[in-house]
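Source file: structure-v4.txt (compact mmCIF, C-alpha atoms)
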```txt
# COMPACT_ATOMS: atom_id res chain seq x y z
CA MET Q 1 96.22 -107.08 -72.65
CA SER Q 2 96.73 -108.07 -76.28
CA ALA Q 3 94.05 -107.20 -78.80
CA LEU Q 4 93.47 -110.89 -79.45
CA VAL Q 5 92.70 -111.62 -75.78
CA LYS Q 6 90.58 -108.46 -75.49
CA ILE Q 7 88.40 -109.40 -78.48
CA ILE Q 8 87.93 -112.99 -77.29
CA THR Q 9 87.11 -111.81 -73.74
CA ARG Q 10 84.58 -109.32 -75.15
CA ASP Q 11 82.96 -112.06 -77.23
CA PHE Q 12 82.76 -114.37 -74.19
CA VAL Q 13 81.13 -111.67 -72.05
CA ARG Q 14 78.58 -110.93 -74.77
CA ALA Q 15 77.88 -114.64 -75.36
CA ALA Q 16 77.40 -115.24 -71.62
CA ARG Q 17 74.76 -112.49 -71.53
CA SER Q 18 73.03 -113.57 -74.70
CA ALA Q 19 72.56 -117.33 -74.57
CA GLY Q 20 70.64 -117.17 -77.83
CA SER Q 21 73.82 -116.83 -79.87
CA TRP Q 22 75.61 -120.00 -78.82
CA ALA Q 23 72.55 -122.04 -77.80
CA TYR Q 24 71.16 -121.78 -81.35
CA GLY Q 25 73.52 -124.49 -82.65
CA LEU Q 26 72.82 -126.71 -79.64
CA VAL Q 27 69.06 -126.47 -80.08
CA PHE Q 28 69.41 -127.25 -83.76
CA MET Q 29 71.59 -130.27 -82.93
CA ALA Q 30 69.10 -131.56 -80.33
CA ILE Q 31 66.18 -131.28 -82.76
CA PHE Q 32 68.09 -132.78 -85.69
CA LEU Q 33 69.33 -135.78 -83.69
CA SER Q 34 65.99 -136.41 -81.95
CA LEU Q 35 64.11 -136.33 -85.25
CA SER Q 36 66.73 -138.59 -86.84
CA ALA Q 37 66.35 -141.13 -84.02
CA ILE Q 38 62.55 -141.04 -84.44
CA ALA Q 39 62.84 -141.35 -88.24
CA LEU Q 40 65.03 -144.43 -87.82
CA ASP Q 41 62.12 -146.03 -85.97
CA GLY Q 42 64.05 -146.43 -82.71
CA ASP Q 43 65.70 -149.60 -84.01
CA MET Q 44 68.77 -149.91 -81.74
CA THR Q 45 70.86 -151.87 -84.26
CA VAL Q 46 70.37 -149.18 -86.90
CA LEU Q 47 70.74 -146.36 -84.36
CA ARG Q 48 74.10 -147.72 -83.15
CA GLN Q 49 75.35 -147.85 -86.76
CA MET Q 50 74.03 -144.40 -87.66
CA GLY Q 51 74.90 -142.59 -84.41
CA VAL Q 52 78.42 -141.43 -85.27
CA PRO Q 53 77.65 -140.23 -88.84
CA LEU Q 54 74.51 -138.43 -87.65
CA ILE Q 55 76.36 -136.65 -84.82
CA TRP Q 56 79.07 -135.59 -87.30
CA LEU Q 57 76.41 -134.25 -89.66
CA ALA Q 58 74.61 -132.50 -86.79
CA VAL Q 59 77.84 -130.77 -85.65
CA THR Q 60 78.62 -129.71 -89.23
CA PHE Q 61 75.12 -128.36 -89.91
CA ALA Q 62 74.97 -126.63 -86.52
CA ALA Q 63 78.32 -124.97 -87.28
CA LEU Q 64 76.96 -123.77 -90.63
CA MET Q 65 73.81 -122.48 -88.93
CA SER Q 66 76.00 -120.37 -86.61
CA VAL Q 67 77.92 -118.70 -89.44
CA ASP Q 68 76.08 -115.41 -88.89
CA HIS Q 69 77.73 -115.11 -85.47
CA ALA Q 70 81.19 -114.90 -87.03
CA PHE Q 71 82.17 -111.37 -88.06
CA SER Q 72 78.85 -110.20 -89.52
CA GLU Q 73 77.88 -107.95 -86.60
CA ASP Q 74 81.33 -106.35 -86.37
CA LEU Q 75 81.28 -105.75 -90.12
CA ARG Q 76 77.72 -104.38 -90.06
CA ASP Q 77 78.23 -101.83 -87.26
CA GLY Q 78 81.69 -100.76 -88.42
CA THR Q 79 83.66 -102.28 -85.51
CA THR Q 80 85.96 -104.14 -87.94
CA GLY Q 81 87.06 -100.87 -89.56
CA GLN Q 82 87.42 -99.14 -86.20
CA LEU Q 83 89.58 -102.00 -84.88
CA TRP Q 84 91.77 -101.71 -87.99
CA LEU Q 85 92.11 -97.95 -87.46
CA SER Q 86 93.06 -98.56 -83.82
CA GLY Q 87 95.94 -100.74 -84.98
CA VAL Q 88 94.42 -104.24 -84.83
CA SER Q 89 95.31 -105.78 -88.19
CA TYR Q 90 92.75 -107.74 -90.20
CA LEU Q 91 94.96 -110.79 -89.64
CA SER Q 92 94.65 -110.40 -85.84
CA GLN Q 93 90.89 -109.86 -86.16
CA SER Q 94 90.64 -112.96 -88.33
CA THR Q 95 92.59 -115.07 -85.81
CA SER Q 96 90.62 -113.82 -82.81
CA GLY Q 97 87.31 -114.25 -84.66
CA ILE Q 98 88.08 -117.84 -85.60
CA LEU Q 99 89.20 -118.61 -82.03
CA SER Q 100 86.07 -117.00 -80.58
CA PHE Q 101 83.88 -118.91 -83.02
CA ALA Q 102 85.58 -122.21 -82.13
CA LEU Q 103 85.32 -121.66 -78.38
CA ILE Q 104 81.85 -120.11 -78.17
CA GLN Q 105 79.92 -121.74 -81.01
CA LEU Q 106 81.64 -125.08 -81.65
CA CYS Q 107 83.01 -126.24 -78.29
CA PRO Q 108 79.50 -126.62 -76.76
CA LEU Q 109 78.54 -128.82 -79.73
CA VAL Q 110 81.55 -131.11 -79.21
CA LEU Q 111 81.29 -131.19 -75.43
CA THR Q 112 77.63 -132.24 -75.53
CA ALA Q 113 78.32 -135.08 -78.01
CA PRO Q 114 78.40 -137.68 -75.17
CA LEU Q 115 74.89 -136.57 -74.20
CA TRP Q 116 73.57 -137.03 -77.74
CA SER Q 117 75.36 -140.40 -78.01
CA LEU Q 118 72.91 -141.72 -75.39
CA LEU Q 119 70.17 -141.38 -78.00
CA PHE Q 120 72.04 -143.87 -80.19
CA ASP Q 121 73.28 -146.20 -77.44
CA LEU Q 122 76.92 -145.74 -78.50
CA SER Q 123 79.60 -147.67 -76.60
CA GLY Q 124 82.21 -145.90 -74.44
CA PRO Q 125 85.13 -146.36 -76.88
CA THR Q 126 82.93 -145.19 -79.78
CA VAL Q 127 82.06 -142.01 -77.88
CA TRP Q 128 85.74 -141.40 -77.04
CA GLY Q 129 86.71 -141.88 -80.69
CA LEU Q 130 83.97 -139.49 -81.76
CA ILE Q 131 84.97 -136.78 -79.27
CA ILE Q 132 88.70 -136.97 -80.06
CA ALA Q 133 87.97 -136.86 -83.80
CA LEU Q 134 85.62 -133.88 -83.32
CA LEU Q 135 88.30 -132.07 -81.27
CA CYS Q 136 90.87 -132.73 -84.03
CA ALA Q 137 88.41 -131.37 -86.61
CA LEU Q 138 87.40 -128.35 -84.51
CA PRO Q 139 90.07 -125.92 -85.85
CA GLY Q 140 89.20 -126.83 -89.45
CA LEU Q 141 85.45 -126.58 -88.89
CA ALA Q 142 85.89 -123.20 -87.19
CA ALA Q 143 88.27 -121.92 -89.86
CA PHE Q 144 86.07 -122.78 -92.85
CA THR Q 145 82.76 -121.69 -91.32
CA ALA Q 146 84.27 -118.43 -90.03
CA LEU Q 147 85.72 -117.82 -93.50
CA ALA Q 148 82.22 -118.25 -94.93
CA GLY Q 149 80.96 -115.76 -92.33
CA ALA Q 150 83.59 -113.21 -93.34
CA LEU Q 151 82.83 -113.72 -97.04
CA THR Q 152 79.07 -113.23 -96.62
CA GLY Q 153 80.06 -110.11 -94.70
CA PRO Q 154 77.89 -107.40 -93.21
CA ARG Q 155 74.73 -108.68 -94.86
CA GLY Q 156 74.48 -111.41 -92.19
CA LYS Q 157 71.69 -113.93 -92.52
CA GLY Q 158 73.84 -115.34 -95.28
CA GLY Q 159 72.76 -118.84 -94.26
CA PHE Q 160 72.35 -120.53 -97.63
CA LEU Q 161 75.15 -118.57 -99.28
CA ALA Q 162 77.48 -119.50 -96.41
CA ILE Q 163 76.48 -123.16 -96.74
CA PHE Q 164 77.20 -123.08 -100.49
CA ILE Q 165 80.60 -121.48 -99.85
CA SER Q 166 81.78 -123.68 -97.01
CA ALA Q 167 80.12 -127.06 -97.69
CA PRO Q 168 82.66 -128.15 -100.35
CA MET Q 169 85.52 -127.21 -98.01
CA LEU Q 170 83.96 -129.16 -95.12
CA VAL Q 171 83.55 -132.41 -97.09
CA PRO Q 172 87.19 -133.59 -96.59
CA ILE Q 173 86.96 -132.86 -92.86
CA LEU Q 174 83.73 -134.86 -92.68
CA ILE Q 175 85.27 -137.80 -94.59
CA PHE Q 176 88.47 -137.89 -92.50
CA GLY Q 177 86.52 -137.23 -89.31
CA MET Q 178 84.25 -140.22 -89.88
CA ALA Q 179 87.25 -142.39 -90.78
CA ALA Q 180 89.11 -141.31 -87.61
CA SER Q 181 86.07 -142.01 -85.40
CA ASP Q 182 85.87 -145.55 -86.81
CA ALA Q 183 89.64 -146.13 -86.71
CA PHE Q 184 89.75 -145.35 -82.98
CA LEU Q 185 88.01 -148.65 -82.20
CA MET Q 186 90.80 -150.61 -83.96
CA ARG Q 187 93.99 -148.64 -83.41
CA GLY Q 188 93.14 -145.99 -80.82
CA ILE Q 189 94.59 -142.50 -80.97
CA ALA Q 190 97.64 -143.78 -82.90
CA ALA Q 191 95.49 -144.39 -86.00
CA VAL Q 192 96.86 -142.57 -89.03
CA GLU Q 193 93.39 -141.14 -89.72
CA PHE Q 194 93.73 -138.88 -86.65
CA ARG Q 195 97.01 -137.45 -87.94
CA ALA Q 196 95.45 -136.91 -91.37
CA LEU Q 197 92.41 -135.22 -89.81
CA PHE Q 198 94.48 -132.96 -87.56
CA GLY Q 199 96.81 -132.10 -90.46
CA LEU Q 200 93.81 -131.22 -92.61
CA SER Q 201 92.45 -129.10 -89.79
CA LEU Q 202 95.71 -127.17 -89.39
CA LEU Q 203 95.91 -126.72 -93.17
CA ALA Q 204 92.39 -125.28 -93.08
CA LEU Q 205 93.52 -122.82 -90.40
CA ALA Q 206 96.62 -121.84 -92.38
CA VAL Q 207 94.51 -121.12 -95.47
CA SER Q 208 91.53 -119.57 -93.71
CA ILE Q 209 93.27 -117.03 -91.47
CA PRO Q 210 94.72 -114.92 -94.32
CA ALA Q 211 91.67 -115.58 -96.53
CA THR Q 212 89.35 -114.39 -93.75
CA ALA Q 213 91.55 -111.32 -93.20
CA ALA Q 214 91.29 -110.50 -96.91
CA ALA Q 215 87.50 -110.97 -96.79
CA LEU Q 216 87.26 -108.63 -93.76
CA ALA Q 217 89.33 -105.98 -95.57
CA ALA Q 218 87.21 -106.29 -98.72
CA ASN Q 219 83.95 -106.08 -96.76
CA THR Q 220 85.12 -103.02 -94.81
CA ASP Q 221 85.79 -101.21 -98.10
CA ARG Q 222 82.25 -100.29 -99.04
CA MET Z 1 100.76 -82.30 -81.06
CA LYS Z 2 102.91 -83.01 -84.12
CA SER Z 3 101.63 -81.42 -87.32
CA ALA Z 4 99.83 -83.89 -89.59
CA THR Z 5 99.12 -83.59 -93.30
CA LEU Z 6 96.48 -85.30 -95.38
CA THR Z 7 97.04 -85.24 -99.13
CA LEU Z 8 94.57 -86.29 -101.83
CA LYS Z 9 95.95 -86.44 -105.36
CA ASP Z 10 93.58 -86.84 -108.34
CA VAL Z 11 91.15 -88.85 -106.21
CA ASP Z 12 88.07 -90.41 -107.80
CA ILE Z 13 85.42 -91.99 -105.60
CA VAL Z 14 82.92 -94.27 -107.28
CA ARG Z 15 80.01 -96.13 -105.68
CA GLY Z 16 78.29 -98.60 -107.95
CA SER Z 17 77.88 -96.84 -111.28
CA ARG Z 18 77.98 -93.33 -109.75
CA THR Z 19 81.08 -91.17 -109.67
CA LEU Z 20 80.78 -89.17 -106.45
CA VAL Z 21 84.09 -87.36 -106.52
CA SER Z 22 86.27 -86.82 -109.57
CA GLY Z 23 89.88 -85.65 -109.69
CA LEU Z 24 89.95 -84.16 -106.19
CA ASN Z 25 93.25 -82.57 -105.17
CA LEU Z 26 93.56 -81.42 -101.60
CA THR Z 27 96.39 -80.85 -99.16
CA LEU Z 28 95.42 -80.20 -95.56
CA SER Z 29 97.78 -79.61 -92.69
CA GLY Z 30 97.05 -78.96 -89.03
CA PRO Z 31 96.10 -76.78 -87.34
CA LYS Z 32 92.98 -76.71 -89.48
CA LEU Z 33 89.32 -77.69 -89.56
CA LEU Z 34 87.75 -78.67 -92.87
CA TRP Z 35 83.96 -78.50 -92.95
CA VAL Z 36 82.61 -80.80 -95.67
CA GLU Z 37 79.16 -79.76 -96.86
CA GLY Z 38 76.70 -81.21 -99.34
CA GLY Z 39 73.25 -82.68 -99.75
CA ASN Z 40 72.16 -86.18 -98.84
CA GLY Z 41 73.81 -88.89 -100.91
CA ILE Z 42 76.29 -86.50 -102.50
CA GLY Z 43 79.26 -88.52 -101.20
CA LYS Z 44 80.33 -86.89 -97.91
CA THR Z 45 80.53 -90.16 -95.99
CA SER Z 46 82.28 -91.91 -98.89
CA LEU Z 47 84.84 -89.09 -99.03
CA LEU Z 48 85.43 -89.26 -95.28
CA ARG Z 49 85.74 -93.07 -95.28
CA THR Z 50 88.22 -92.79 -98.14
CA CYS Z 51 90.22 -90.11 -96.28
CA ALA Z 52 90.24 -92.43 -93.24
CA GLY Z 53 91.65 -95.29 -95.33
CA LEU Z 54 88.53 -97.42 -94.79
CA SER Z 55 87.65 -97.33 -98.49
CA ARG Z 56 89.97 -97.24 -101.46
CA PRO Z 57 89.61 -94.51 -104.06
CA ALA Z 58 88.75 -95.72 -107.58
CA ALA Z 59 91.69 -93.65 -108.80
CA GLY Z 60 94.29 -91.36 -107.30
CA ARG Z 61 96.28 -91.51 -104.13
CA ILE Z 62 95.86 -90.54 -100.49
CA THR Z 63 98.78 -90.07 -98.13
CA TRP Z 64 98.91 -89.39 -94.44
CA SER Z 65 102.04 -87.86 -92.96
CA VAL Z 66 103.30 -86.47 -89.70
CA GLN Z 67 106.19 -84.03 -89.83
CA GLU Z 68 106.89 -85.00 -93.47
CA THR Z 69 107.09 -88.72 -92.64
CA THR Z 70 104.52 -90.73 -94.58
CA LEU Z 71 102.60 -93.10 -92.32
CA SER Z 72 99.64 -95.45 -92.62
CA ALA Z 73 96.04 -94.44 -91.87
CA PRO Z 74 95.89 -96.46 -88.60
CA GLU Z 75 98.94 -94.56 -87.36
CA THR Z 76 97.47 -91.12 -88.00
CA VAL Z 77 93.68 -91.17 -88.37
CA THR Z 78 90.72 -91.65 -86.09
CA PHE Z 79 87.18 -91.82 -87.51
CA LEU Z 80 83.85 -91.00 -85.89
CA PRO Z 81 81.12 -92.68 -87.96
CA ALA Z 82 77.63 -91.25 -88.26
CA ASP Z 83 76.14 -94.45 -86.81
CA SER Z 84 76.94 -95.81 -83.40
CA TYR Z 85 79.04 -98.91 -82.99
CA ALA Z 86 78.08 -99.47 -79.35
CA LYS Z 87 78.08 -103.21 -78.72
CA SER Z 88 74.92 -104.89 -77.50
CA GLY Z 89 75.58 -107.18 -74.55
CA LEU Z 90 78.12 -104.79 -73.04
CA GLU Z 91 77.54 -101.99 -70.57
CA ALA Z 92 78.60 -98.53 -71.78
CA GLY Z 93 81.54 -98.58 -69.34
CA GLU Z 94 82.70 -101.99 -70.57
CA ASP Z 95 82.34 -100.91 -74.19
CA ALA Z 96 84.38 -97.78 -73.49
CA ALA Z 97 87.03 -99.77 -71.58
CA PHE Z 98 87.42 -102.14 -74.54
CA TRP Z 99 88.59 -99.15 -76.62
CA GLY Z 100 90.56 -97.62 -73.76
CA ALA Z 101 88.08 -94.73 -73.57
CA ASP Z 102 87.11 -92.67 -70.54
CA LEU Z 103 83.40 -91.87 -70.20
CA GLU Z 104 84.18 -88.86 -68.00
CA THR Z 105 85.56 -86.98 -71.03
CA VAL Z 106 82.06 -86.97 -72.54
CA ASP Z 107 80.04 -86.54 -69.30
CA MET Z 108 78.76 -90.11 -69.46
CA LEU Z 109 80.11 -91.56 -66.23
CA ILE Z 110 76.62 -91.88 -64.72
CA HIS Z 111 75.65 -94.13 -67.65
CA ALA Z 112 78.61 -96.50 -67.23
CA LYS Z 113 76.32 -99.35 -66.12
CA THR Z 114 73.69 -98.76 -68.83
CA PRO Z 115 73.56 -101.54 -71.43
CA SER Z 116 74.92 -100.14 -74.69
CA GLU Z 117 71.78 -101.12 -76.61
CA LYS Z 118 69.68 -99.01 -74.23
CA LEU Z 119 71.64 -95.80 -74.77
CA SER Z 120 69.79 -92.98 -76.50
CA THR Z 121 71.04 -91.72 -79.87
CA GLY Z 122 72.85 -88.83 -78.20
CA GLN Z 123 74.37 -91.02 -75.49
CA ALA Z 124 75.58 -93.52 -78.10
CA LYS Z 125 77.13 -90.62 -80.05
CA ARG Z 126 78.91 -89.44 -76.89
CA LEU Z 127 80.21 -93.00 -76.33
CA SER Z 128 81.55 -93.08 -79.91
CA PHE Z 129 83.14 -89.68 -79.33
CA ALA Z 130 84.84 -90.94 -76.14
CA LYS Z 131 86.26 -93.89 -78.11
CA MET Z 132 87.58 -91.46 -80.72
CA LEU Z 133 89.17 -89.19 -78.10
CA ALA Z 134 91.00 -92.17 -76.61
CA THR Z 135 92.97 -92.78 -79.80
CA GLN Z 136 94.90 -89.48 -79.57
CA LYS Z 137 95.58 -89.40 -83.32
CA PRO Z 138 96.59 -86.17 -85.12
CA ILE Z 139 93.90 -86.44 -87.85
CA TRP Z 140 90.26 -86.53 -86.78
CA ILE Z 141 87.60 -87.44 -89.32
CA LEU Z 142 84.06 -86.93 -88.07
CA ASP Z 143 80.84 -87.83 -89.88
CA GLU Z 144 77.86 -85.88 -88.54
CA PRO Z 145 79.31 -85.46 -85.04
CA LEU Z 146 76.47 -83.18 -83.93
CA ALA Z 147 73.56 -85.38 -85.03
CA GLY Z 148 71.44 -86.49 -82.08
CA LEU Z 149 73.32 -84.39 -79.53
CA ASP Z 150 71.72 -81.89 -77.16
CA LYS Z 151 73.18 -78.41 -76.57
CA SER Z 152 75.67 -79.60 -73.94
CA GLY Z 153 76.72 -82.41 -76.27
CA ARG Z 154 77.28 -79.99 -79.16
CA ASP Z 155 79.28 -77.72 -76.85
CA MET Z 156 81.34 -80.70 -75.71
CA VAL Z 157 82.16 -81.65 -79.33
CA ALA Z 158 83.05 -78.02 -80.14
CA HIS Z 159 85.26 -77.84 -77.03
CA HIS Z 160 87.22 -80.97 -77.95
CA LEU Z 161 87.46 -79.96 -81.63
CA ARG Z 162 88.83 -76.56 -80.63
CA ALA Z 163 91.38 -78.09 -78.26
CA HIS Z 164 92.46 -80.59 -80.92
CA VAL Z 165 92.90 -78.06 -83.72
CA LEU Z 166 94.53 -75.43 -81.53
CA SER Z 167 97.07 -78.01 -80.40
CA GLY Z 168 98.07 -78.47 -84.06
CA GLY Z 169 95.65 -81.22 -85.08
CA LEU Z 170 93.71 -81.57 -88.30
CA ALA Z 171 89.96 -82.23 -88.36
CA LEU Z 172 87.65 -83.10 -91.26
CA VAL Z 173 84.01 -82.73 -90.34
CA ALA Z 174 80.98 -83.56 -92.47
CA SER Z 175 77.90 -81.93 -91.06
CA HIS Z 176 74.57 -80.57 -92.19
CA ALA Z 177 74.62 -78.27 -89.17
CA PRO Z 178 77.08 -75.36 -89.38
CA ILE Z 179 80.39 -76.06 -87.70
CA SER Z 180 81.58 -73.03 -85.86
CA VAL Z 181 84.45 -73.39 -83.45
CA ARG Z 182 85.82 -70.25 -81.87
CA ASP Z 183 89.34 -69.17 -82.89
CA VAL Z 184 89.80 -72.18 -85.15
CA PRO Z 185 90.93 -71.75 -88.77
CA THR Z 186 88.10 -73.32 -90.78
CA GLN Z 187 87.99 -74.18 -94.48
CA ARG Z 188 84.85 -75.25 -96.35
CA LEU Z 189 84.58 -77.93 -98.97
CA VAL Z 190 81.22 -78.01 -100.71
CA LEU Z 191 80.40 -81.20 -102.61
CA THR Z 192 78.00 -80.68 -105.50
```
Please go through the file and, once you have read it, give me the structure as structure tokens.
Amino acid sequence: MSALVKIITRDFVRAARSAGSWAYGLVFMAIFLSLSAIALDGDMTVLRQMGVPLIWLAVTFAALMSVDHAFSEDLRDGTTGQLWLSGVSYLSQSTSGILSFALIQLCPLVLTAPLWSLLFDLSGPTVWGLIIALLCALPGLAAFTALAGALTGPRGKGGFLAIFISAPMLVPILIFGMAASDAFLMRGIAAVEFRALFGLSLLALAVSIPATAAALAANTDR
Amino acid sequence: MKSATLTLKDVDIVRGSRTLVSGLNLTLSGPKLLWVEGGNGIGKTSLLRTCAGLSRPAAGRITWSVQETTLSAPETVTFLPADSYAKSGLEAGEDAAFWGADLETVDMLIHAKTPSEKLSTGQAKRLSFAKMLATQKPIWILDEPLAGLDKSGRDMVAHHLRAHVLSGGLALVASHAPISVRDVPTQRLVLT
């Protein structure tokens, strides 16, 4: 079994036994969206208009809140260094960490978006547009938030620092993501905004994988 | 086992504003055991981590070679840290399997189903030792391998160290407790 598959399988097993890690983002999202709906006074016209942007914000904030689950424990207990010594390069660890983070922390947020859309009475096509745009943005969201996790390193609990590091990088994804969600209603999946969003997401991956590997190497040297 | 050599040339190790090691020159070839001694905070762990390639020296050069062929640290070195890296959420057997380790080598088979976070200090140390044994590298670097172990655990470590060195391996051991392994050529390095 390749090291990449072994690390992701290990992370899945641990996540399945410790719901707290991946449910944290979901709970945050539920609270954020419920409070937002209450704050908007339950006015359905306003809620329908605000639903998509609020769900995008909730996913982004929930991803940032989960930053501590990317790399910090492996860096803290020395597993990152041990993996390197056993022949798993920092680049492989970076790739597997980003994949694990996307699948365990972010996928539940995207997959539950239809549930949260009920709060805002969003139409079927709007929900489809939102989900497809979120899926296109998923690699970029995972790449930038995991990079922030690797940069904050073994200290963990780097919440605010991680937000300061990754928020500027997430802004373009948020802008293109919102645009793609809206464009779906007019031009469907063929809308150019989806290609731009997916391209941005892949670019984020291409930049973040080596940058995360460098951050892991730097944080192991202590 | 092929003979391995660890060479330190003019190595400086600095942590923060403190210089822990200055201008260290050392050439070690197996079969040999180097016992690194020194008080708390003197720089034993930093020296071992540097020898393992996990930290870079502030100055100087470290090379690892097997039969005169220079290799990288991951190709030659295995490192036993002082602290456990047992993973919470995994059973000891699963944790060992992840690293390709066999719990039987450290008399831990009966604890295979014990959650890693519930292992005692000594059991966690045995698990780390099993992971280290699985790597089958020619250079062993061990940081406080006896800490937390009972008599049978200490005997087990001594047994494996002896077998490793007598088969031509090289071992660097930092320990506050005396390291005495029968029939094994031992050198002392005292950090002051």
Contact set, chain Q to chain Z: 12 Å, all atoms listed in the file, as a PyMOL selection string: chain Q and resi 1-21+73-90+216-222
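Separating CA of Leu24 in chain Z from CA of Gly43 in chain Z is a distance of 12.6 Å.
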Interatomic distance, CA of Tyr24 in chain Q to CA of Val46 in chain Q (Å, one decimal): 28.0 Å
Selected residue, from Q:Ser66, Q:Phe28, Q:Ser72, Q:Leu119, that lies nearest to Leu40 in chain Q when counting only C-alpha atoms: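 The closest residue to Leu40 in chain Q is Q:Leu119.
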Residue neighbourhood Ser3 in chain Z, 12 Å, only C-alpha atoms, exclusion window fewer than 5 positions, as a list in words: Leu28, Ser29, Gly30, Pro31, Lys32, Trp64, Ser65, Val66, Gln67, Glu68, Thr69, Thr76, Lys137, Pro138, Ile139, His164, Val165, Leu166, Ser167, Gly168, Gly169, Leu170 and Ala171 of chain Z
Within 6 Å of file point (82.5, -89.4, -91.6), counting all atoms listed in the file, expressed as a ChimeraX atom specification: /Z:45,48,81,141-143
